[in-house]
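**Student:** Enclosed is the structure file my_file16.csv (CSV, C-alpha atoms).
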```csv
chain,number,residue,atom,x,y,z
A,9,MET,CA,-1.1,-23.6,11.5
A,10,LYS,CA,1.5,-22.5,14.1
A,11,LEU,CA,3.4,-19.6,12.6
A,12,GLY,CA,6.5,-18.0,14.1
A,13,LEU,CA,7.0,-14.3,13.3
A,14,LEU,CA,10.5,-13.0,13.6
A,15,TYR,CA,10.6,-9.3,14.3
A,16,SER,CA,12.4,-6.5,16.0
A,17,ARG,CA,9.8,-3.8,15.3
A,18,ILE,CA,6.1,-4.3,14.6
A,19,ARG,CA,5.3,-2.0,11.7
A,20,LYS,CA,1.8,-1.6,10.2
A,21,ASP,CA,2.7,-4.4,7.8
A,22,GLU,CA,3.2,-6.8,10.6
A,23,LYS,CA,0.0,-5.6,12.4
A,24,LEU,CA,-2.0,-6.3,9.2
A,25,LEU,CA,-0.5,-9.8,9.0
A,26,LEU,CA,-1.0,-10.5,12.7
A,27,SER,CA,-4.6,-9.4,12.5
A,28,GLU,CA,-5.3,-11.6,9.5
A,29,LEU,CA,-3.6,-14.6,11.0
A,30,ARG,CA,-5.4,-14.3,14.3
A,31,GLU,CA,-8.8,-13.8,12.6
A,32,ARG,CA,-8.3,-17.1,10.8
A,33,GLY,CA,-7.5,-18.8,14.1
A,34,HIS,CA,-3.8,-19.5,13.5
A,35,GLU,CA,-1.5,-19.7,16.4
A,36,VAL,CA,1.2,-17.0,16.1
A,37,VAL,CA,4.4,-17.0,18.1
A,38,LYS,CA,6.0,-13.5,18.0
A,39,VAL,CA,9.7,-13.7,18.4
A,40,ASP,CA,11.6,-10.5,19.1
A,41,VAL,CA,15.0,-11.5,17.7
A,42,ARG,CA,16.8,-8.9,20.0
A,43,LYS,CA,16.0,-11.1,23.0
A,44,GLN,CA,17.1,-14.5,21.5
A,45,ARG,CA,20.3,-16.5,21.3
A,46,PHE,CA,21.0,-18.8,18.4
A,47,GLY,CA,23.3,-21.8,19.1
A,48,LEU,CA,24.6,-24.3,16.6
A,49,SER,CA,21.9,-26.8,17.4
A,50,GLU,CA,19.3,-25.0,19.6
A,51,THR,CA,17.9,-21.6,20.3
A,52,THR,CA,16.0,-19.7,22.9
A,53,ALA,CA,13.5,-18.7,20.2
A,54,ASP,CA,10.3,-20.7,20.7
A,55,VAL,CA,9.9,-21.7,17.1
A,56,LEU,CA,11.2,-25.3,16.7
A,57,ASP,CA,7.6,-26.7,16.5
A,58,CYS,CA,6.3,-24.1,14.2
A,59,ASP,CA,4.9,-25.1,10.8
A,60,LEU,CA,6.5,-22.1,9.3
A,61,VAL,CA,8.4,-19.1,10.4
A,62,LEU,CA,8.0,-15.7,8.7
A,63,ASP,CA,11.0,-13.5,8.8
A,64,ARG,CA,9.9,-9.9,9.3
A,65,CYS,CA,13.2,-8.6,10.8
A,66,LEU,CA,13.8,-4.9,10.1
A,67,ALA,CA,17.5,-5.3,10.3
A,68,THR,CA,19.0,-7.1,7.3
A,69,SER,CA,21.9,-8.6,9.3
A,70,ARG,CA,19.4,-10.2,11.8
A,71,SER,CA,17.3,-11.5,9.0
A,72,LEU,CA,20.2,-13.1,7.3
A,73,TYR,CA,21.5,-14.9,10.4
A,74,ALA,CA,18.2,-15.8,12.1
A,75,THR,CA,16.9,-17.5,9.0
A,76,ARG,CA,20.2,-19.3,8.5
A,77,PHE,CA,20.0,-20.7,12.0
A,78,LEU,CA,16.4,-21.7,11.7
A,79,ALA,CA,17.1,-23.5,8.4
A,80,ALA,CA,20.0,-25.3,10.2
A,81,TYR,CA,17.5,-26.5,12.9
A,82,GLY,CA,15.2,-27.8,10.1
A,83,VAL,CA,12.5,-25.1,10.6
A,84,PRO,CA,11.0,-23.8,7.3
A,85,THR,CA,11.3,-20.1,6.9
A,86,ILE,CA,9.8,-17.5,4.6
A,87,ASN,CA,12.0,-16.4,3.1
A,88,ALA,CA,14.7,-19.0,2.8
A,89,PRO,CA,18.1,-17.9,3.9
A,90,GLU,CA,19.4,-18.4,0.4
A,91,THR,CA,16.8,-16.0,-0.9
A,92,ALA,CA,17.6,-13.5,1.8
A,93,ALA,CA,21.3,-13.6,1.1
A,94,VAL,CA,20.7,-12.8,-2.6
A,95,CYS,CA,18.2,-10.1,-2.0
A,96,ALA,CA,20.0,-8.4,0.8
A,97,ASP,CA,23.1,-7.6,-1.3
A,98,LYS,CA,22.7,-5.5,-4.4
A,99,VAL,CA,25.7,-7.2,-6.1
A,100,LYS,CA,24.2,-10.7,-5.6
A,101,ASN,CA,20.8,-9.4,-6.6
A,102,SER,CA,22.1,-7.9,-9.9
A,103,LEU,CA,24.1,-11.0,-10.8
A,104,ALA,CA,21.1,-13.3,-10.1
A,105,LEU,CA,18.9,-11.2,-12.4
A,106,GLU,CA,21.5,-11.0,-15.1
A,107,ALA,CA,22.1,-14.8,-14.9
A,108,ALA,CA,18.3,-15.4,-15.3
A,109,GLY,CA,18.1,-13.2,-18.4
A,110,VAL,CA,16.0,-10.5,-16.6
A,111,PRO,CA,16.7,-7.0,-17.9
A,112,THR,CA,18.4,-5.1,-15.2
A,113,PRO,CA,20.3,-1.8,-15.2
A,114,ALA,CA,23.9,-2.0,-16.3
A,115,THR,CA,26.1,-2.2,-13.2
A,116,GLU,CA,29.8,-2.1,-12.4
A,117,VAL,CA,31.5,-2.7,-9.1
A,118,ALA,CA,34.9,-1.2,-8.2
A,119,PHE,CA,37.0,-1.4,-5.0
A,120,THR,CA,38.9,1.8,-5.2
A,121,LYS,CA,38.0,5.5,-5.7
A,122,GLU,CA,40.1,5.5,-8.9
A,123,ALA,CA,38.4,2.4,-10.4
A,124,ALA,CA,35.0,3.7,-9.3
A,125,MET,CA,35.8,7.0,-11.1
A,126,ASP,CA,36.6,5.1,-14.2
A,127,ALA,CA,33.3,3.3,-14.0
A,128,ILE,CA,31.4,6.5,-13.5
A,129,GLU,CA,33.1,8.2,-16.5
A,130,ALA,CA,32.4,5.1,-18.6
A,131,PHE,CA,28.6,5.3,-17.8
A,132,GLY,CA,28.7,9.1,-18.2
A,133,TYR,CA,26.5,11.6,-16.4
A,134,PRO,CA,24.1,11.2,-14.8
A,135,CYS,CA,24.8,7.8,-13.3
A,136,VAL,CA,24.0,6.3,-9.9
A,137,ILE,CA,26.0,5.0,-7.0
A,138,LYS,CA,24.3,2.9,-4.3
A,139,PRO,CA,25.4,1.1,-1.1
A,140,VAL,CA,25.5,-2.7,-1.6
A,141,VAL,CA,23.3,-3.1,1.5
A,142,GLY,CA,20.5,-0.7,2.3
A,143,SER,CA,16.9,0.2,1.8
A,144,TRP,CA,14.4,3.0,1.5
A,145,GLY,CA,16.6,4.9,-1.0
A,146,ARG,CA,19.1,5.8,1.7
A,147,LEU,CA,22.6,6.8,0.7
A,148,MET,CA,21.9,6.6,-3.0
A,149,ALA,CA,23.4,9.3,-5.1
A,150,LYS,CA,22.6,10.4,-8.6
A,151,ILE,CA,25.9,11.7,-9.9
A,152,ASP,CA,25.5,14.7,-12.3
A,153,SER,CA,29.1,15.8,-12.7
A,154,GLU,CA,32.7,14.9,-12.2
A,155,THR,CA,33.1,17.1,-9.2
A,156,ALA,CA,30.1,15.5,-7.5
A,157,ALA,CA,31.5,12.1,-8.3
A,158,GLU,CA,34.8,13.0,-6.7
A,159,ALA,CA,33.1,14.3,-3.6
A,160,ILE,CA,30.8,11.3,-3.1
A,161,LEU,CA,33.6,8.8,-3.6
A,162,GLU,CA,35.9,10.7,-1.2
A,163,HIS,CA,33.1,10.8,1.4
A,164,LYS,CA,32.3,7.1,1.0
A,165,ALA,CA,36.0,6.1,1.2
A,166,THR,CA,36.7,8.2,4.2
A,167,LEU,CA,33.6,8.1,6.3
A,168,GLY,CA,32.0,4.8,5.3
A,169,HIS,CA,31.9,1.4,6.7
A,170,TYR,CA,34.0,-1.1,4.7
A,171,GLU,CA,30.9,-2.0,2.7
A,172,HIS,CA,30.8,1.6,1.3
A,173,LYS,CA,34.2,0.9,-0.3
A,174,VAL,CA,32.5,-1.6,-2.5
A,175,PHE,CA,31.5,1.0,-5.1
A,176,TYR,CA,28.3,-0.1,-6.8
A,177,VAL,CA,27.9,2.1,-9.9
A,178,GLN,CA,24.9,1.8,-12.1
A,179,GLU,CA,23.5,3.4,-15.3
A,180,TYR,CA,20.8,6.0,-14.6
A,181,VAL,CA,17.5,4.9,-16.0
A,182,ASP,CA,15.5,7.8,-17.3
A,183,LYS,CA,12.2,6.4,-16.0
A,184,PRO,CA,8.9,8.3,-16.5
A,185,GLY,CA,8.8,9.8,-12.9
A,186,ARG,CA,7.7,6.5,-11.5
A,187,ASP,CA,8.7,2.9,-10.8
A,188,ILE,CA,6.6,-0.1,-10.2
A,189,ARG,CA,6.5,-2.3,-7.0
A,190,VAL,CA,5.0,-5.7,-7.3
A,191,LEU,CA,4.4,-8.0,-4.4
A,192,ALA,CA,4.6,-11.6,-5.5
A,193,CYS,CA,4.3,-15.0,-3.8
A,194,ASP,CA,6.6,-17.5,-5.6
A,195,GLY,CA,6.5,-15.3,-8.7
A,196,GLU,CA,2.7,-14.9,-8.8
A,197,PRO,CA,1.8,-11.2,-8.5
A,198,VAL,CA,-0.5,-10.4,-5.6
A,199,ALA,CA,-0.8,-6.6,-6.3
A,200,ALA,CA,1.2,-3.9,-8.0
A,201,MET,CA,1.5,-0.1,-7.6
A,202,THR,CA,3.4,2.7,-9.2
A,203,ARG,CA,5.5,5.0,-7.0
A,204,SER,CA,5.7,8.5,-8.5
A,205,SER,CA,7.8,11.5,-7.6
A,206,ASP,CA,9.4,14.6,-9.1
A,207,HIS,CA,12.5,13.4,-7.3
A,208,TRP,CA,14.6,10.8,-9.0
A,209,LEU,CA,14.1,8.5,-5.9
A,210,THR,CA,10.5,7.4,-6.1
A,211,ASN,CA,10.4,5.0,-3.1
A,212,ALA,CA,7.3,5.1,-1.0
A,213,ALA,CA,9.6,5.5,2.0
A,214,LYS,CA,10.8,8.7,0.4
A,215,GLY,CA,7.3,10.1,0.0
A,216,GLY,CA,6.6,8.8,-3.5
A,217,GLU,CA,2.9,8.9,-4.4
A,218,THR,CA,1.4,5.5,-4.9
A,219,ALA,CA,-1.3,4.3,-7.3
A,220,ASP,CA,-2.7,0.9,-8.3
A,221,PHE,CA,-1.1,-0.6,-11.4
A,222,GLU,CA,-2.3,-3.3,-13.7
A,223,LEU,CA,0.6,-5.5,-14.8
A,224,ASP,CA,0.8,-6.6,-18.5
A,225,GLU,CA,1.9,-10.0,-19.6
A,226,GLU,CA,5.5,-9.0,-20.1
A,227,ALA,CA,5.7,-7.5,-16.6
A,228,ARG,CA,4.1,-10.6,-15.1
A,229,ASP,CA,6.7,-12.8,-16.9
A,230,LEU,CA,9.5,-10.7,-15.6
A,231,VAL,CA,8.2,-10.9,-12.0
A,232,ALA,CA,8.0,-14.7,-12.2
A,233,THR,CA,11.5,-15.0,-13.7
A,234,ALA,CA,13.0,-12.5,-11.2
A,235,SER,CA,11.4,-14.3,-8.3
A,236,ASP,CA,12.8,-17.7,-9.5
A,237,ALA,CA,16.2,-16.0,-10.0
A,238,VAL,CA,16.5,-15.2,-6.3
A,239,GLY,CA,15.0,-18.5,-5.0
A,240,GLY,CA,11.3,-17.5,-4.8
A,241,GLY,CA,9.2,-16.6,-1.8
A,242,LEU,CA,7.4,-13.6,-0.6
A,243,LEU,CA,9.1,-10.8,-2.5
A,244,GLY,CA,8.9,-7.2,-3.6
A,245,VAL,CA,10.0,-6.9,-7.2
A,246,ASP,CA,10.8,-3.4,-8.4
A,247,LEU,CA,10.6,-2.5,-12.0
A,248,MET,CA,11.3,0.6,-14.0
A,249,GLU,CA,10.0,1.5,-17.5
A,250,THR,CA,12.7,2.6,-19.8
A,251,ALA,CA,12.6,5.3,-22.5
A,252,ASP,CA,12.3,2.5,-25.1
A,253,GLY,CA,9.1,1.3,-23.5
A,254,GLU,CA,10.7,-1.8,-22.0
A,255,TYR,CA,10.9,-2.9,-18.4
A,256,THR,CA,14.0,-3.3,-16.3
A,257,VAL,CA,14.1,-4.9,-12.9
A,258,HIS,CA,16.4,-3.0,-10.5
A,259,GLU,CA,15.9,-5.1,-7.4
A,260,VAL,CA,14.1,-7.8,-5.5
A,261,ASN,CA,13.3,-7.3,-1.8
A,262,HIS,CA,13.0,-10.2,0.6
A,263,THR,CA,11.3,-8.6,3.7
A,264,VAL,CA,8.9,-6.6,1.6
A,265,GLU,CA,6.8,-3.9,3.1
A,266,PHE,CA,3.2,-3.7,1.7
A,267,LYS,CA,1.2,-1.2,3.8
A,268,ALA,CA,1.4,1.4,1.0
A,269,LEU,CA,0.5,-1.3,-1.6
A,270,ASN,CA,-2.4,-2.4,0.5
A,271,GLU,CA,-3.8,1.2,0.5
A,272,ALA,CA,-3.1,1.8,-3.2
A,273,SER,CA,-4.5,-1.5,-4.4
A,274,ALA,CA,-8.0,-3.0,-4.4
A,275,VAL,CA,-6.5,-6.3,-3.4
A,276,ASP,CA,-6.5,-7.3,0.3
A,277,VAL,CA,-2.8,-7.9,0.4
A,278,PRO,CA,-2.4,-9.4,3.9
A,279,ALA,CA,-5.3,-11.8,3.2
A,280,ALA,CA,-3.6,-12.9,-0.1
A,281,VAL,CA,-0.2,-13.3,1.8
A,282,VAL,CA,-1.8,-15.4,4.5
A,283,ASP,CA,-3.6,-17.5,1.8
A,284,TRP,CA,-0.1,-18.2,0.4
A,285,LEU,CA,1.4,-18.8,3.8
A,286,GLU,CA,-1.2,-21.4,4.6
A,287,LEU,CA,-0.3,-23.2,1.4
A,288,LYS,CA,3.4,-23.1,2.2
A,289,ALA,CA,2.7,-24.5,5.7
A,290,GLU,CA,0.8,-27.4,4.2
A,291,VAL,CA,3.7,-28.1,1.8
A,292,ALA,CA,6.1,-27.9,4.7
A,293,ASP,CA,4.0,-30.3,6.7
A,294,GLU,CA,3.8,-32.8,3.8
A,295,ALA,CA,7.6,-32.7,3.4
A,296,VAL,CA,8.0,-33.5,7.1
A,297,MET,CA,5.5,-36.4,6.9
A,298,THR,CA,7.2,-38.0,3.9
A,299,ALA,CA,10.8,-37.5,5.3
B,23,MET,CA,-8.2,3.8,24.3
B,24,THR,CA,-5.6,3.4,27.0
B,25,GLU,CA,-2.7,5.5,28.1
B,26,ALA,CA,0.9,5.2,29.2
B,27,GLU,CA,3.6,7.5,30.4
B,28,CYS,CA,6.3,8.8,28.0
B,29,VAL,CA,9.7,7.9,29.4
B,30,GLU,CA,11.2,10.9,27.7
B,31,CYS,CA,9.0,13.8,28.9
B,32,GLY,CA,6.7,12.2,31.4
B,33,GLY,CA,3.7,13.2,29.3
B,34,THR,CA,0.7,11.0,28.7
B,35,VAL,CA,0.6,9.0,25.5
B,36,ALA,CA,-2.8,7.9,24.2
B,37,LEU,CA,-2.7,4.3,22.9
B,38,HIS,CA,-5.1,2.5,20.6
B,39,ASP,CA,-6.7,-0.8,21.6
B,40,ASP,CA,-5.0,-3.2,19.3
B,41,LEU,CA,-1.6,-2.4,20.7
B,42,GLU,CA,1.2,-4.9,19.9
B,43,VAL,CA,4.5,-5.4,21.8
B,44,GLY,CA,7.2,-4.2,19.4
B,45,GLU,CA,5.1,-1.5,17.9
B,46,ILE,CA,6.4,2.1,17.8
B,47,VAL,CA,4.2,5.1,18.9
B,48,ASP,CA,5.0,8.8,18.9
B,49,CYS,CA,4.7,11.0,22.0
B,50,GLU,CA,2.6,13.9,20.8
B,51,THR,CA,4.0,16.1,23.6
B,52,CYS,CA,7.8,15.8,23.0
B,53,GLY,CA,7.9,13.9,19.6
B,54,ALA,CA,9.9,11.0,21.0
B,55,GLU,CA,9.6,7.6,19.2
B,56,LEU,CA,8.6,5.0,21.8
B,57,GLU,CA,8.5,1.3,21.7
B,58,VAL,CA,5.7,-0.7,23.3
B,59,VAL,CA,7.4,-3.2,25.6
B,60,ASP,CA,4.3,-4.5,27.3
B,61,VAL,CA,0.6,-4.2,26.7
B,62,SER,CA,-1.1,-5.2,29.9
B,63,PRO,CA,-0.6,-2.7,31.3
B,64,PRO,CA,1.0,-0.7,28.5
B,65,VAL,CA,4.7,0.2,29.1
B,66,LEU,CA,6.7,2.3,26.8
B,67,ASP,CA,10.5,2.6,26.3
B,68,ARG,CA,12.7,4.7,24.0
B,69,ALA,CA,12.7,3.2,20.5
B,70,PRO,CA,16.0,2.1,19.1
B,71,GLU,CA,17.8,4.5,16.7
B,72,LEU,CA,17.6,3.8,13.0
B,73,GLU,CA,20.4,1.4,11.9
B,74,GLU,CA,22.1,1.4,8.6
B,75,ASP,CA,20.9,-2.1,7.6
B,76,TRP,CA,17.2,-1.4,8.4
B,77,GLY,CA,14.8,-1.7,5.6
B,78,GLU,CA,13.2,-4.2,3.4
```
Have the structure of the file written as structure tokens, please.
**Tutor:**
Amino acid sequence: MKLGLLYSRIRKDEKLLLSELRERGHEVVKVDVRKQRFGLSETTADVLDCDLVLDRCLATSRSLYATRFLAAYGVPTINAPETAAVCADKVKNSLALEAAGVPTPATEVAFTKEAAMDAIEAFGYPCVIKPVVGSWGRLMAKIDSETAAEAILEHKATLGHYEHKVFYVQEYVDKPGRDIRVLACDGEPVAAMTRSSDHWLTNAAKGGETADFELDEEARDLVATASDAVGGGLLGVDLMETADGEYTVHEVNHTVEFKALNEASAVDVPAAVVDWLELKAEVADEAVMTA
Amino acid sequence: MTEAECVECGGTVALHDDLEVGEIVDCETCGAELEVVDVSPPVLDRAPELEEDWGE
């Protein structure tokens, strides 16, 4: 297949994919989105004859717009712009999970400090406030007291970009020192790992320790439903275990990193992803043939 | 193993063989993050600063 790869930084994840793709003899067109222009019907990006374009943009804004343009040109992308739009925004993400009946932490959004304070007081302490757009656990706050809440809201309202004035307040899930990251292709888990830390943020990007994790049937079902809820694709589904022994899905990521998962798991993650990309390219080709 | 010059300190940066354009390497002399902008021959530039919407 001829696969386009949108990027602005080649991380270890992209290197693993590039290596796997080239070893199998696929033609890869690397597209640095920083150097491209996207018009309403044409682009400088050399991807129009690609069987499939994989979005690996590091910047969410670029990912959202680049995939939207490619879809407008009729170029199939992984992930679809609709999926990216839902996953990139925590509000849309939470609403999609709730609508699909996937257990997800209770969440409220408020637009003023006063209303946000009411939401925080309603949840009680501790609770959590997160930016609606962001990753790697950055700018997330566990709020332990009223004074902390006042300070955080004041800082966000005064110093933040307008998006920080969309106050996304969430219940604190007392997880057992770990959460679970599942990489899934159209809802089918490829591999899963736990991310453990003494800190309340367990993200691998924050230094959480990773270990292979065997998913049970309930978790597999939730991953499939959560994937469908956001439109499917190559996704990172994040789950937490609650004190009641249930799962709750806190988010689904659309440009999922997997280098830590590849090291923690016995599964060859890039090989499994490329297997799936080959299938997607075949399906895209068939769709073009029958159109 | 190849080498390139650090644009920050002028030191020599050792590079591995499967270098990719767009990859980030660290200068062990000054600690700068450098972006690979060409591979033959290898050329390095200062890496972009972390942006708020970066991530996954």
**Student:** Which residues, written as an MDAnalysis selection string, have at least one atom at most 10 Å from Gly32 in chain B, with only C-alpha atoms counted and residues fewer than 6 positions away on the same chain left out?
**Tutor:** chainID B and resid 26 49 51:52
**Student:** Please report, as a Markdown table, each residue of chain A lying at most 8 Å from chain B, together with the nearest pair of atoms and the separation in Å rounded to one decimal; use all atoms listed in the file, and order rows by chain and ascending residue number.
**Tutor:**
```
| residue | atom | partner | partner_atom | distance |
| --- | --- | --- | --- | --- |
| A:Tyr15 | CA | B:Gly44 | CA | 8.0 |
| A:Ser16 | CA | B:Gly44 | CA | 6.6 |
| A:Arg17 | CA | B:Gly44 | CA | 4.9 |
| A:Ile18 | CA | B:Glu45 | CA | 4.4 |
| A:Arg19 | CA | B:Glu45 | CA | 6.2 |
| A:Lys23 | CA | B:Glu42 | CA | 7.6 |
| A:Asp40 | CA | B:Gly44 | CA | 7.7 |
| A:Leu66 | CA | B:Trp76 | CA | 5.2 |
| A:Ala67 | CA | B:Trp76 | CA | 4.3 |
| A:Thr68 | CA | B:Asp75 | CA | 5.4 |
| A:Ser69 | CA | B:Asp75 | CA | 6.8 |
| A:Val141 | CA | B:Asp75 | CA | 6.6 |
| A:Gly142 | CA | B:Asp75 | CA | 5.5 |
| A:Ser143 | CA | B:Gly77 | CA | 4.7 |
| A:Trp144 | CA | B:Gly77 | CA | 6.2 |
| A:Asn261 | CA | B:Glu78 | CA | 6.1 |
| A:His262 | CA | B:Glu78 | CA | 6.6 |
| A:Thr263 | CA | B:Glu78 | CA | 4.8 |
| A:Val264 | CA | B:Glu78 | CA | 5.2 |
| A:Glu265 | CA | B:Glu78 | CA | 6.4 |
```
**Student:** Within 7 Å of Gly240 in chain A, counting all atoms listed in the file, which residues show up once you throw out same-chain ones fewer than 4 positions away? Write them as a list in words, please.
**Tutor:**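 The contact residues come out as Thr91, Asp194, Gly195, Ser235 and Asp236 of chain A.
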**Student:** Please provide the set of residues having any atom within 7 Å of range 176-178 of chain A, restricted to only C-alpha atoms, with same-chain residues fewer than 6 positions apart removed, written as a list in words.
**Tutor:**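 Counting only the stated atoms, we get Pro113, Ala114, Thr115, Glu116, Val117, Ala118, Ala127, Ile128, Cys135, Val136, Ile137, Lys138, Pro139 and Val140 of chain A.
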**Student:** Determine, counting all atoms listed in the file, which protein, DNA and RNA residues have an atom within 12 Å of an atom of Val35 in chain B; residues of the same chain fewer than 2 positions away are not included. Present the result as an MDAnalysis selection string.
**Tutor:** chainID B and resid 23:33 37:38 46:58 64:67
**Student:** Please identify all polymer residues within 12 Å of Glu290 in chain A, counting all atoms listed in the file, omitting same-chain residues fewer than 2 positions from it, and present them as an mmCIF file with C-alpha atoms, in the frame of the given file.
**Tutor:**
```cif
data_model
loop_
_atom_site.group_PDB
_atom_site.id
_atom_site.type_symbol
_atom_site.label_atom_id
_atom_site.label_comp_id
_atom_site.auth_asym_id
_atom_site.auth_seq_id
_atom_site.Cartn_x
_atom_site.Cartn_y
_atom_site.Cartn_z
ATOM 1 C CA MET A 9 -1.100 -23.600 11.500
ATOM 2 C CA LYS A 10 1.500 -22.500 14.100
ATOM 3 C CA LEU A 11 3.400 -19.600 12.600
ATOM 4 C CA CYS A 58 6.300 -24.100 14.200
ATOM 5 C CA ASP A 59 4.900 -25.100 10.800
ATOM 6 C CA LEU A 60 6.500 -22.100 9.300
ATOM 7 C CA PRO A 84 11.000 -23.800 7.300
ATOM 8 C CA ASP A 283 -3.600 -17.500 1.800
ATOM 9 C CA TRP A 284 -0.100 -18.200 0.400
ATOM 10 C CA LEU A 285 1.400 -18.800 3.800
ATOM 11 C CA GLU A 286 -1.200 -21.400 4.600
ATOM 12 C CA LEU A 287 -0.300 -23.200 1.400
ATOM 13 C CA LYS A 288 3.400 -23.100 2.200
ATOM 14 C CA ALA A 292 6.100 -27.900 4.700
ATOM 15 C CA ASP A 293 4.000 -30.300 6.700
ATOM 16 C CA GLU A 294 3.800 -32.800 3.800
ATOM 17 C CA ALA A 295 7.600 -32.700 3.400
ATOM 18 C CA VAL A 296 8.000 -33.500 7.100
ATOM 19 C CA MET A 297 5.500 -36.400 6.900
#
```
**Student:** Expressed in Å to a single decimal, how great is the separation between CA of Ala157 in chain A and CA of Tyr133 in chain A?
**Tutor:**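 Going from CA of Ala157 in chain A over to CA of Tyr133 in chain A covers 9.5 Å.
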**Student:** Show me the residues close to (29.8, 4.1, 0.3) - anything with an atom within 10 Å, counting all atoms listed in the file - and format the list as a list in words.
**Tutor:** Ile137, Lys138, Pro139, Val140, Val141, Leu147, Met148, Ala149, Ile160, Leu161, Glu162, His163, Lys164, Ala165, Thr166, Leu167, Gly168, His169, Tyr170, Glu171, His172, Lys173, Val174, Phe175 and Tyr176 of chain A
**Student:** In Å to one decimal, how far is CA of Leu13 in chain A from CA of Arg42 in chain A?
**Tutor:**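 Rounded to one decimal, the two atoms are 13.0 Å apart.
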**Student:** If I take CA of Tyr73 in chain A and CA of Val39 in chain A, how far is one from the other in Å, to one decimal?
**Tutor:**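 Result for CA of Tyr73 in chain A versus CA of Val39 in chain A: 14.3 Å, one decimal.
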